[in-house]
Each structure stands twice: as structure tokens, then as C-alpha cells.
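Visitor: A single structure is presented below for examination.
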Amino acid sequence: MDFHNTVRECARRLLNTADRPLTIAHIADRIDTTPLQAGRALRQLEAEGAATRTRGQRPAYWTATRP
């Protein structure tokens, strides 16, 4: 597993266990990576349908997509 997949999977696990929406900065801090890498991972998760973000506010808050 390469670095980007590892960051994406860590972000996925964090979102799935979070009890509230998280910002990119919070996620980056918790998985020990840069906000740039966390943002990339979250956008990939969003494209896969595994994460959603709030639109129209800054900062955006991310949550796991629940089935």
C-alpha cells in the first residue's frame, strides 16, 4: 500500500469513528499528515462516495457517508 492509500484509509477510519463532523485540519492533525494530503484523501473519498462535506461554509466539515 502506498502513502496516498494509507492516508486515505486512515482518513476513512477516522471519519467512520468520529462522533461529529471534522475539518481537514483536524483530520490532518489526528492522522499525522499535512492538510494538503488530508484534503486530497478526503476528495478521493468523496469521489468514491465514502465521505461528504458541507458546502458553502469555511472551513468545510467532513463526515462519513452512511448507507
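Within each chain, counting starts at residue 1; across the C-alpha cells, chains are named A, B, ... in the order shown, with ligands numbered 1 upward in that order.
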Which residues are near Leu42 (chain A)? Cut-off 8 Å, only C-alpha atoms, ignore same chain within fewer than 2 positions. Put them as a list in words.

Guide: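 Everything that qualifies: Arg8, Ala11, Ala38, Gly39, Arg40, Gln44, Leu45, Glu46 and Ala51 of chain A.
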
Visitor: What does the file look like for those residues with C-alpha atoms, as an mmCIF file, in the first residue's frame?

Guide:
```cif
data_model
loop_
_atom_site.group_PDB
_atom_site.id
_atom_site.type_symbol
_atom_site.label_atom_id
_atom_site.label_comp_id
_atom_site.auth_asym_id
_atom_site.auth_seq_id
_atom_site.Cartn_x
_atom_site.Cartn_y
_atom_site.Cartn_z
ATOM 1 C CA ARG A 8 -6.949 7.727 2.554
ATOM 2 C CA ALA A 11 -8.987 9.291 6.980
ATOM 3 C CA ALA A 38 -5.620 15.045 4.097
ATOM 4 C CA GLY A 39 -7.598 17.197 1.663
ATOM 5 C CA ARG A 40 -6.519 15.053 -1.261
ATOM 6 C CA GLN A 44 -10.848 10.920 -3.180
ATOM 7 C CA LEU A 45 -13.196 9.513 -0.540
ATOM 8 C CA GLU A 46 -15.855 11.976 -1.683
ATOM 9 C CA ALA A 51 -17.377 10.935 2.528
#
```

Visitor: Write out as a ChimeraX atom specification the set of residues from chain A that DSSP, computed on the backbone, places in strand (DSSP E or B).

Guide: /A:22,51-53,62-64

Visitor: Deliver the residues from the most recent selection as a file, using N, CA, C and O atoms, as a short mmCIF file (atom, residue, chain, number, x, y, z; two decimals), in the first residue's frame.

Guide:
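Below is the file out39.cif, written as the result:
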```cif
data_model
loop_
_atom_site.label_atom_id
_atom_site.label_comp_id
_atom_site.auth_asym_id
_atom_site.auth_seq_id
_atom_site.Cartn_x
_atom_site.Cartn_y
_atom_site.Cartn_z
N LEU A 22 -15.72 16.74 11.00
CA LEU A 22 -14.35 17.17 11.21
C LEU A 22 -13.87 18.04 10.05
O LEU A 22 -14.30 17.85 8.91
N ALA A 51 -17.41 9.75 1.66
CA ALA A 51 -17.38 10.93 2.53
C ALA A 51 -18.18 12.06 1.88
O ALA A 51 -18.33 12.11 0.67
N THR A 52 -18.70 12.93 2.74
CA THR A 52 -19.41 14.11 2.26
C THR A 52 -18.88 15.31 3.03
O THR A 52 -18.38 15.19 4.14
N ARG A 53 -19.02 16.47 2.41
CA ARG A 53 -18.59 17.71 3.07
C ARG A 53 -19.70 18.73 2.99
O ARG A 53 -20.54 18.70 2.09
N TRP A 62 -16.35 17.59 7.24
CA TRP A 62 -16.44 16.31 6.56
C TRP A 62 -17.06 15.26 7.47
O TRP A 62 -16.78 15.23 8.66
N THR A 63 -17.85 14.38 6.88
CA THR A 63 -18.44 13.26 7.60
C THR A 63 -18.37 12.02 6.71
O THR A 63 -18.25 12.14 5.48
N ALA A 64 -18.50 10.86 7.33
CA ALA A 64 -18.58 9.62 6.56
C ALA A 64 -19.98 9.51 5.98
O ALA A 64 -20.95 9.93 6.60
#
```

Visitor: Give me every alpha helix (DSSP H) residue in chain A, going by DSSP on the backbone, as JSON, numbers by chain.

Guide: {"A": [3, 4, 5, 6, 7, 8, 9, 10, 11, 12, 13, 14, 15, 16, 17, 24, 25, 26, 27, 28, 29, 30, 31, 35, 36, 37, 38, 39, 40, 41, 42, 43, 44, 45, 46, 47, 48]}

Visitor: Kindly save the residues from that selection, with N, CA and C atoms included, as a compact mmCIF listing (two decimals), in the first residue's frame.

Guide:
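In the end it all went to part09.txt:
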```
# COMPACT_ATOMS: atom_id res chain seq x y z
N PHE A 3 1.74 5.47 0.11
CA PHE A 3 1.47 6.52 1.08
C PHE A 3 0.07 7.11 0.94
N HIS A 4 -0.36 7.40 -0.29
CA HIS A 4 -1.66 8.04 -0.51
C HIS A 4 -2.80 7.12 -0.11
N ASN A 5 -2.66 5.83 -0.39
CA ASN A 5 -3.69 4.88 0.04
C ASN A 5 -3.74 4.78 1.55
N THR A 6 -2.59 4.83 2.19
CA THR A 6 -2.53 4.77 3.65
C THR A 6 -3.23 5.98 4.27
N VAL A 7 -2.95 7.16 3.75
CA VAL A 7 -3.59 8.38 4.25
C VAL A 7 -5.10 8.30 4.03
N ARG A 8 -5.52 7.84 2.87
CA ARG A 8 -6.95 7.73 2.55
C ARG A 8 -7.65 6.75 3.51
N GLU A 9 -7.03 5.61 3.77
CA GLU A 9 -7.63 4.63 4.67
C GLU A 9 -7.66 5.12 6.10
N CYS A 10 -6.63 5.84 6.53
CA CYS A 10 -6.64 6.43 7.88
C CYS A 10 -7.76 7.46 8.00
N ALA A 11 -7.92 8.29 6.98
CA ALA A 11 -8.99 9.29 6.98
C ALA A 11 -10.35 8.61 6.99
N ARG A 12 -10.51 7.55 6.23
CA ARG A 12 -11.78 6.81 6.18
C ARG A 12 -12.12 6.25 7.57
N ARG A 13 -11.14 5.63 8.22
CA ARG A 13 -11.38 5.06 9.56
C ARG A 13 -11.73 6.16 10.56
N LEU A 14 -11.03 7.27 10.47
CA LEU A 14 -11.29 8.38 11.39
C LEU A 14 -12.70 8.92 11.20
N LEU A 15 -13.11 9.13 9.96
CA LEU A 15 -14.47 9.63 9.70
C LEU A 15 -15.52 8.64 10.17
N ASN A 16 -15.26 7.35 9.98
CA ASN A 16 -16.24 6.34 10.38
C ASN A 16 -16.41 6.25 11.90
N THR A 17 -15.39 6.64 12.65
CA THR A 17 -15.48 6.56 14.10
C THR A 17 -15.76 7.90 14.76
N ILE A 24 -10.59 19.51 7.66
CA ILE A 24 -9.35 18.96 7.12
C ILE A 24 -8.22 19.12 8.12
N ALA A 25 -8.15 20.26 8.78
CA ALA A 25 -7.08 20.50 9.76
C ALA A 25 -7.14 19.50 10.91
N HIS A 26 -8.35 19.21 11.42
CA HIS A 26 -8.50 18.23 12.49
C HIS A 26 -8.07 16.84 12.02
N ILE A 27 -8.48 16.48 10.83
CA ILE A 27 -8.15 15.15 10.30
C ILE A 27 -6.65 15.04 10.09
N ALA A 28 -6.04 16.05 9.50
CA ALA A 28 -4.59 16.03 9.26
C ALA A 28 -3.84 15.88 10.58
N ASP A 29 -4.27 16.60 11.59
CA ASP A 29 -3.61 16.53 12.89
C ASP A 29 -3.74 15.14 13.51
N ARG A 30 -4.90 14.56 13.41
CA ARG A 30 -5.13 13.25 14.02
C ARG A 30 -4.43 12.10 13.31
N ILE A 31 -4.26 12.21 12.00
CA ILE A 31 -3.58 11.12 11.29
C ILE A 31 -2.13 11.47 10.96
N PRO A 35 -2.29 19.10 5.91
CA PRO A 35 -3.64 19.38 5.44
C PRO A 35 -3.80 19.14 3.94
N LEU A 36 -2.76 19.38 3.17
CA LEU A 36 -2.82 19.14 1.72
C LEU A 36 -3.07 17.65 1.43
N GLN A 37 -2.33 16.77 2.11
CA GLN A 37 -2.52 15.33 1.90
C GLN A 37 -3.88 14.87 2.41
N ALA A 38 -4.31 15.40 3.55
CA ALA A 38 -5.62 15.04 4.10
C ALA A 38 -6.73 15.49 3.15
N GLY A 39 -6.60 16.70 2.61
CA GLY A 39 -7.60 17.20 1.66
C GLY A 39 -7.68 16.34 0.42
N ARG A 40 -6.54 15.92 -0.08
CA ARG A 40 -6.52 15.05 -1.26
C ARG A 40 -7.23 13.73 -0.96
N ALA A 41 -6.93 13.16 0.20
CA ALA A 41 -7.55 11.89 0.59
C ALA A 41 -9.06 12.05 0.74
N LEU A 42 -9.49 13.15 1.34
CA LEU A 42 -10.92 13.37 1.54
C LEU A 42 -11.65 13.58 0.22
N ARG A 43 -11.03 14.29 -0.71
CA ARG A 43 -11.66 14.46 -2.03
C ARG A 43 -11.76 13.14 -2.77
N GLN A 44 -10.77 12.25 -2.59
CA GLN A 44 -10.85 10.92 -3.18
C GLN A 44 -11.98 10.12 -2.54
N LEU A 45 -12.10 10.21 -1.23
CA LEU A 45 -13.20 9.51 -0.54
C LEU A 45 -14.55 10.06 -0.98
N GLU A 46 -14.62 11.37 -1.20
CA GLU A 46 -15.85 11.98 -1.68
C GLU A 46 -16.20 11.45 -3.08
N ALA A 47 -15.21 11.33 -3.94
CA ALA A 47 -15.43 10.81 -5.29
C ALA A 47 -15.89 9.35 -5.25
N GLU A 48 -15.42 8.60 -4.26
CA GLU A 48 -15.82 7.19 -4.10
C GLU A 48 -17.18 7.05 -3.43
```
